[in-house]
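Participant: Let me give you the structure first, and then I'll get to my questions.
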There are 2 protein chains.
Amino acid sequence: MALKYISNSGNKVITTREISDSKNIPYDLLSKIMQTMKNENILSSNQGSSGGYSLSKRPDEIPLYNLISAIDGEVNIAECLKESPVKDCSMTDNCSIKSPVMLLQKEVEDLFKRKTISDFV
Amino acid sequence: MALKYISNSGNKVITTREISDSKNIPYDLLSKIMQTMKNENILSSNQGSSGGYSLSKRPDEIPLYNLISAIDGEVNIAECLKESPVKDCSMTDNCSIKSPVMLLQKEVEDLFKRKTISDFV
DNA sequence: TTGAATGTGGACTAACATAGTCCTATTTAG
DNA sequence: CTAAATAGGACTATGTTAGTCCACATTCAA
């Protein structure tokens, strides 16, 4: 919603406060999310008074996949598919359904990579 | 993996113990999962000695969607899309990205409905 | 030069979800 | 009868996440 808000403002520099007030999102929470998106290069920021955020790319150049990866971490349909599984499944190496699971993972990934922020604007 | 195991056994009646031993899945845990799948009509069961489980339908008649719904609950890309949201989002009614989110939800659902257990066998 | 407005970032908490365990029935074939 | 199954309730330990709070850094403009 924040990205849509910025996008619909003609990509001016927008403050967290403005979005927070306008969309009724708790300031501190939104603030954290904006920072995360900044760190993942989805947003650019200007500090100081009259500072704020703007999109770092055109909406159609930002895959939903990247946004979710940035905020929620890897998009995975199963723990064992994470790059660094927190707890490794005892049968990762001889899992009997590994290949169909990986195929589905790929299909989900592709779906989220095809969608971009422009689909939400 | 359990469904695949049963499916590959020519759909004989298979015990939880057999799958647990053969696939190194903790018995108590697998047992709970088998019960859940039974209650959701994915499996049929026979009690008593020489009892066990069998598929209630052909593998290609069991959508992955049903399996996941049964075990993990509704397949939702966002809390607000649940039938009974645990905590309702303050802006459910005037969410600015509701319709594209619902579209994506539908696409994910469709993907999981197209896949069936036979894709994992 | 100062102060207000802004982003930055670390630490913390409360609430919730989930895998996994344990124990006690109940059912049924032999 | 009894052994081998399923059935199911209660519980726990662990991890995850939304959300908060506080101190700091940066910049603009009066």
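By order of appearance in the structure tokens: chains A, B, ..., then residues from 1 within every chain, and ligands from 1 in the order shown.
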Enumerate, in order of chain and increasing residue number, the residues of chain C with an atom no farther than 7 Å from chain A, each with its shortest atom pair and distance in Å to one decimal, counting only C-alpha atoms (C1' of nucleotides), as CSV.

Facilitator:
```
residue,atom,partner,partner_atom,distance
C:DA5,C1',A:Ser49,CA,4.5
C:DT6,C1',A:Ser49,CA,4.7
C:DG7,C1',A:Gln47,CA,5.0
```

Participant: Should the cut-off be 9 Å, what would the residue list for chain D against chain A look like, counting only C-alpha atoms (C1' of nucleotides), as a ChimeraX atom specification?

Facilitator: /D:18-20,25-28

Participant: What's the separation between atom CA of B:Ile14 and atom CA of B:Phe112, in Å to one decimal place?

Facilitator: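 Going from atom CA of B:Ile14 over to atom CA of B:Phe112 covers 26.4 Å.
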
Participant: Residues of chain A near chain B: apply a cut-off of 12 Å, count only C-alpha atoms, and supply the list as a ChimeraX atom specification.

Facilitator: /A:1-5,8,22-26,64,68,75,77-78,89-92,94-121

Participant: Residues of chain A classed as strand (DSSP E) by DSSP on the backbone are to be reported as a ChimeraX atom specification.

Facilitator: /A:43-46,52-55

Participant: Do you know which residues are at most 12 Å from D:DC22 counting only C-alpha atoms (C1' of nucleotides), after dropping those on the same chain fewer than 5 positions away, and could you put them as number ranges by chain?

Facilitator: A: 28; C: 9-12

Participant: Okay, now the selection with N, CA and C atoms (P, O5', C5', C4', C3', O3' and C1' of nucleotides), as a compact mmCIF listing (two decimals), in the first residue's frame?

Facilitator:
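Generated output (again15.txt):
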```txt
# COMPACT_ATOMS: atom_id res chain seq x y z
N ASP A 28 5.52 3.73 13.66
CA ASP A 28 6.74 2.99 13.95
C ASP A 28 6.89 1.74 13.11
P DG C 9 20.76 2.16 8.69
O5' DG C 9 20.72 1.63 10.19
C5' DG C 9 21.45 2.31 11.19
C4' DG C 9 21.11 1.73 12.54
C3' DG C 9 20.76 0.24 12.50
O3' DG C 9 21.35 -0.37 13.62
C1' DG C 9 19.09 1.38 13.60
P DG C 10 21.82 -1.89 13.54
O5' DG C 10 21.95 -2.24 15.08
C5' DG C 10 22.37 -1.24 16.00
C4' DG C 10 21.58 -1.37 17.30
C3' DG C 10 21.27 -2.82 17.68
O3' DG C 10 21.75 -3.06 18.99
C1' DG C 10 19.30 -1.48 17.78
P DA C 11 21.71 -4.55 19.61
O5' DA C 11 20.52 -4.43 20.64
C5' DA C 11 20.36 -3.21 21.37
C4' DA C 11 19.07 -3.30 22.18
C3' DA C 11 18.76 -4.73 22.66
O3' DA C 11 18.38 -4.66 24.02
C1' DA C 11 16.93 -3.83 21.44
P DC C 12 18.16 -5.99 24.87
O5' DC C 12 16.56 -6.02 24.93
C5' DC C 12 15.89 -4.80 25.26
C4' DC C 12 14.42 -4.94 24.91
C3' DC C 12 13.78 -6.26 25.36
O3' DC C 12 12.97 -5.98 26.48
C1' DC C 12 13.02 -5.54 23.20
```

Participant: Record the distance separating atom CA of A:Asn39 and atom CA of A:Val13, expressed in Å with one decimal.

Facilitator: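 Result for atom CA of A:Asn39 versus atom CA of A:Val13: 16.8 Å, one decimal.
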
Participant: Where does DSSP see helix (DSSP H, G or I) in stretch 12-55 of chain B, if you list the residues as a list of chain:residue names?

Facilitator: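 Selecting the helix (DSSP H, G or I) positions of stretch 12-55 of chain B gives B:Thr16, B:Arg17, B:Glu18, B:Ile19, B:Ser20, B:Asp21, B:Ser22, B:Lys23, B:Tyr27, B:Asp28, B:Leu29, B:Leu30, B:Ser31, B:Lys32, B:Ile33, B:Met34, B:Gln35, B:Thr36, B:Met37, B:Lys38, B:Asn39.
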
Participant: Take atom CA of A:Tyr65 and atom CA of A:Glu40 and report the distance between them in Å, one decimal.

Facilitator: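 Separation between atom CA of A:Tyr65 and atom CA of A:Glu40: 12.1 Å.
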